[in-house]
Amino acid sequence: FIPSILISTVDKLASIALNRRFKNLFGGKLSLCEKGHGFSSRNDKCDTLIRPKSNCDAETTAFGKNVEGPTLMIQDEMHLLREGFGTIDSHFESLMNTLLKKLSSGKEFKYIAMTATVSGARDQIDHLYGKEYLIFPGNVPRGFDENEDLFYEYPTDVEGNPQIQRILIGLKPNLRDNQYASLLTIHHLTTFLQKIKLDKAEYAKANGLSLPQLEEELKKYQCLLTYHGKKADVFGMKYFLHTVVTSKLTDFDISGKTLTGDNTLTEIKEAITTIQDYSEEPQNYNTLHATFATSVVSHGVDLDKWNLMIFQGITRNTSEYIQALSRVGRRYTGLIFLWFYPNRVRDLSYYKNFNLYHKILPLKVEKTPISRWTKLGFKQTITSIFCASILNYISDVEEIPLYTVKAVNQFFDFSDNRKKLVDFIKDAYYTNLNRVGASWVRDQIGDEVEERLNYLKTYSGSIHKNFFPNALRDSMEKYYKTQYGMRGIQEQITLKLNERYSTFISKYKKRDQ
């Protein structure tokens, strides 16, 4: 009755600090509703909704069988667990592994982590999971022919030469910015494709293709992707597309679509479907589909219809560049134009060393920056770990529901119970590891726990905030708030409309009425 496979984003792991039933997935003790509504945590109430605004109030009985939690954790795109995001995630990873170990007879997670750009794996694995690691497949040992590598295939053409998967062209504009140069590139590509379609017989003959073969080749290059480091550049490309490109075309059009982090998952899925089917739709024969995007497309958007790409400037790091490059040329030969910024020293350096850089590209992947033991990272997560430990560990060991302010205060009146909590949190942070910073975290945990328990002891807030994590959020202390994701706790800012602009806003809202 427990799921065999759970699929989730990393952000969802933070819900362990707000859900007292999370432990049920990790081998927590269970009870059964006497009215047949299923399982709940040991001695907890059944709150199944049986009619509007009415929950089940039946008693529960202990479920006698032991339930064991999952033992395999598979992490995709591990290189994205970096910097502050990775630090916060590392604390939740160790919390869940510790919880599993305590509730499932000493079992721990085994981890499989996947990434296309691995560098500094030892440090990253150590900070994330506190484990030893093995890279698979590894590098070819010295003395062995790279072409005979069992795990890689190096396709060749009919003459035995390496098959070209991507053609990269590095360019630097003079007297104009690289956004205008990118738009001109779209114009020239579109004009070239239009020219071929107007005289297909000649181009087919010149390249040794039949007309149906040429038609199929043209379909491969009917969708274009541009890649930008800023959202402003994405919308700038869409805004100036008509002025610079489509206004100068005759009997040909370009369909533009922007994709940024502001787009919903549904919108991204719709864009993927559009691109997949675009070249097969008869009404799109004399059109080109252009997608203007940020890094939102660099992971998980795998299409063989993207074979034309334009970069507006070099990316911030090599791993992002490799990920972005892999959006095109996945099945057919891809053509990539990289327009460098003419006024940036970094871009000019890459421009001057363009060929050398691509020869040693895998060696230039930067190590993933991450540190489990940062003081700010600890401050960000301690309240979440505190809440999760009470809701999902202490309550399971003691077989009592602990989620109200009153229940927490009564239970932790006893020093032995406080010690149990402190000891578990120390384990959850892996403070037993011999690492720089581990002892500082270990020394802080006792005081941090005492401060939060003392606050709850004196809490006299709203009766509607009976749930103790909500009571902690009432505090003026910034770091008494629980995480809702892995992005850290941000200062809350209240925005209020200036009275001088109220008339303008009122007129603006009525413009379409």
# chains A, B, ... in the order shown; residues from 1 in each chain; ligands from 1
>>> residues_around(residues="range 471-482 of chain A", least_positions_apart="5", cutoff="6 Å", atoms="only C-alpha atoms", output="PDB file with C-alpha atoms, in the first residue's frame")
ATOM      1  CA  THR A 383      13.758  25.636  12.034  1.00  0.00           C
ATOM      2  CA  SER A 384      12.651  23.273   9.261  1.00  0.00           C
ATOM      3  CA  LYS A 465      -2.229  28.976  14.710  1.00  0.00           C
TER       4      LYS A 465
END
>>> residues_around(residues="range 107-110 of chain A", least_positions_apart="4", cutoff="12 Å", atoms="only C-alpha atoms", output="VMD selection string")
chain A and resid 26 to 27 68 to 75 93 to 103 129 to 133
>>> write_last_selection(atoms="N, CA and C atoms", output="PDB file, in the first residue's frame")
ATOM      1  N   PHE A  26       8.640   6.439   5.319  1.00  0.00           N
ATOM      2  CA  PHE A  26       9.985   6.038   5.720  1.00  0.00           C
ATOM      3  C   PHE A  26       9.981   4.905   6.747  1.00  0.00           C
ATOM      4  N   GLY A  27       8.865   4.233   6.875  1.00  0.00           N
ATOM      5  CA  GLY A  27       8.795   3.115   7.818  1.00  0.00           C
ATOM      6  C   GLY A  27       8.211   3.487   9.152  1.00  0.00           C
ATOM      7  N   GLU A  68       8.725  -0.892   5.891  1.00  0.00           N
ATOM      8  CA  GLU A  68      10.056  -0.336   5.649  1.00  0.00           C
ATOM      9  C   GLU A  68      10.001   0.692   4.524  1.00  0.00           C
ATOM     10  N   GLY A  69      10.835   1.695   4.657  1.00  0.00           N
ATOM     11  CA  GLY A  69      10.849   2.775   3.690  1.00  0.00           C
ATOM     12  C   GLY A  69      11.684   2.461   2.465  1.00  0.00           C
ATOM     13  N   PRO A  70      11.772   3.395   1.544  1.00  0.00           N
ATOM     14  CA  PRO A  70      12.553   3.201   0.318  1.00  0.00           C
ATOM     15  C   PRO A  70      14.046   3.168   0.625  1.00  0.00           C
ATOM     16  N   THR A  71      14.813   2.556  -0.266  1.00  0.00           N
ATOM     17  CA  THR A  71      16.258   2.453  -0.032  1.00  0.00           C
ATOM     18  C   THR A  71      17.083   2.971  -1.200  1.00  0.00           C
ATOM     19  N   LEU A  72      16.428   3.426  -2.267  1.00  0.00           N
ATOM     20  CA  LEU A  72      17.156   3.922  -3.438  1.00  0.00           C
ATOM     21  C   LEU A  72      16.675   5.322  -3.777  1.00  0.00           C
ATOM     22  N   MET A  73      17.618   6.262  -3.849  1.00  0.00           N
ATOM     23  CA  MET A  73      17.315   7.640  -4.214  1.00  0.00           C
ATOM     24  C   MET A  73      18.016   7.932  -5.542  1.00  0.00           C
ATOM     25  N   ILE A  74      17.254   8.336  -6.553  1.00  0.00           N
ATOM     26  CA  ILE A  74      17.817   8.650  -7.869  1.00  0.00           C
ATOM     27  C   ILE A  74      17.679  10.149  -8.100  1.00  0.00           C
ATOM     28  N   GLN A  75      18.802  10.822  -8.282  1.00  0.00           N
ATOM     29  CA  GLN A  75      18.824  12.273  -8.470  1.00  0.00           C
ATOM     30  C   GLN A  75      19.285  12.594  -9.888  1.00  0.00           C
ATOM     31  N   GLU A  93      18.553  16.277   2.621  1.00  0.00           N
ATOM     32  CA  GLU A  93      18.985  14.932   2.205  1.00  0.00           C
ATOM     33  C   GLU A  93      19.466  14.135   3.418  1.00  0.00           C
ATOM     34  N   SER A  94      20.296  14.756   4.241  1.00  0.00           N
ATOM     35  CA  SER A  94      20.813  14.041   5.420  1.00  0.00           C
ATOM     36  C   SER A  94      19.712  13.805   6.451  1.00  0.00           C
ATOM     37  N   LEU A  95      18.762  14.736   6.552  1.00  0.00           N
ATOM     38  CA  LEU A  95      17.621  14.532   7.454  1.00  0.00           C
ATOM     39  C   LEU A  95      16.829  13.293   7.043  1.00  0.00           C
ATOM     40  N   MET A  96      16.522  13.174   5.766  1.00  0.00           N
ATOM     41  CA  MET A  96      15.714  12.036   5.307  1.00  0.00           C
ATOM     42  C   MET A  96      16.468  10.723   5.454  1.00  0.00           C
ATOM     43  N   ASN A  97      17.765  10.747   5.184  1.00  0.00           N
ATOM     44  CA  ASN A  97      18.542   9.517   5.334  1.00  0.00           C
ATOM     45  C   ASN A  97      18.605   9.092   6.805  1.00  0.00           C
ATOM     46  N   THR A  98      18.748  10.075   7.699  1.00  0.00           N
ATOM     47  CA  THR A  98      18.772   9.775   9.137  1.00  0.00           C
ATOM     48  C   THR A  98      17.416   9.258   9.602  1.00  0.00           C
ATOM     49  N   LEU A  99      16.343   9.878   9.122  1.00  0.00           N
ATOM     50  CA  LEU A  99      14.995   9.429   9.482  1.00  0.00           C
ATOM     51  C   LEU A  99      14.759   7.998   9.004  1.00  0.00           C
ATOM     52  N   LEU A 100      15.178   7.699   7.772  1.00  0.00           N
ATOM     53  CA  LEU A 100      15.033   6.337   7.250  1.00  0.00           C
ATOM     54  C   LEU A 100      15.812   5.343   8.103  1.00  0.00           C
ATOM     55  N   LYS A 101      17.031   5.724   8.475  1.00  0.00           N
ATOM     56  CA  LYS A 101      17.883   4.837   9.278  1.00  0.00           C
ATOM     57  C   LYS A 101      17.247   4.539  10.632  1.00  0.00           C
ATOM     58  N   LYS A 102      16.640   5.560  11.244  1.00  0.00           N
ATOM     59  CA  LYS A 102      16.040   5.379  12.570  1.00  0.00           C
ATOM     60  C   LYS A 102      14.739   4.576  12.514  1.00  0.00           C
ATOM     61  N   LEU A 103      13.965   4.758  11.435  1.00  0.00           N
ATOM     62  CA  LEU A 103      12.637   4.144  11.380  1.00  0.00           C
ATOM     63  C   LEU A 103      12.604   2.814  10.639  1.00  0.00           C
ATOM     64  N   TYR A 129      25.565  14.271   0.247  1.00  0.00           N
ATOM     65  CA  TYR A 129      25.119  13.008   0.816  1.00  0.00           C
ATOM     66  C   TYR A 129      26.045  12.438   1.886  1.00  0.00           C
ATOM     67  N   GLY A 130      27.253  12.987   2.035  1.00  0.00           N
ATOM     68  CA  GLY A 130      28.194  12.450   3.008  1.00  0.00           C
ATOM     69  C   GLY A 130      28.611  11.031   2.692  1.00  0.00           C
ATOM     70  N   LYS A 131      28.747  10.711   1.406  1.00  0.00           N
ATOM     71  CA  LYS A 131      29.031   9.346   0.973  1.00  0.00           C
ATOM     72  C   LYS A 131      30.315   9.288   0.141  1.00  0.00           C
ATOM     73  N   GLU A 132      30.866   8.076   0.034  1.00  0.00           N
ATOM     74  CA  GLU A 132      31.894   7.809  -0.963  1.00  0.00           C
ATOM     75  C   GLU A 132      31.209   7.723  -2.325  1.00  0.00           C
ATOM     76  N   TYR A 133      32.004   7.791  -3.392  1.00  0.00           N
ATOM     77  CA  TYR A 133      31.367   7.837  -4.703  1.00  0.00           C
ATOM     78  C   TYR A 133      32.130   7.002  -5.723  1.00  0.00           C
TER      79      TYR A 133
END
>>> select_by_dssp(residues="range 41-199 of chain A", states="alpha helix (DSSP H)", output="NGL selection string")
:A and (83-103 or 121-129 or 178-198)
>>> select_by_dssp(residues="range 34-210 of chain A", states="strand (DSSP E)", output="PyMOL selection string")
chain A and resi 39-41+49-51+54-55+60-62+72-75+110-113+166-171
>>> residues_around(residues="range 431-437 of chain A", least_positions_apart="5", cutoff="7 Å", atoms="only C-alpha atoms", output="list of chain:residue names")
A:Trp373, A:Lys426, A:Arg442
>>> write_last_selection(atoms="C-alpha atoms", output="short mmCIF file (atom, residue, chain, number, x, y, z; two decimals), in the first residue's frame")
data_model
loop_
_atom_site.label_atom_id
_atom_site.label_comp_id
_atom_site.auth_asym_id
_atom_site.auth_seq_id
_atom_site.Cartn_x
_atom_site.Cartn_y
_atom_site.Cartn_z
CA TRP A 373 28.69 23.73 6.62
CA LYS A 426 22.78 16.46 15.43
CA ARG A 442 27.05 20.64 16.46
#
>>> atom_distance(atom1="CA of Asp199 in chain A", atom2="CA of Leu218 in chain A")
12.7 Å
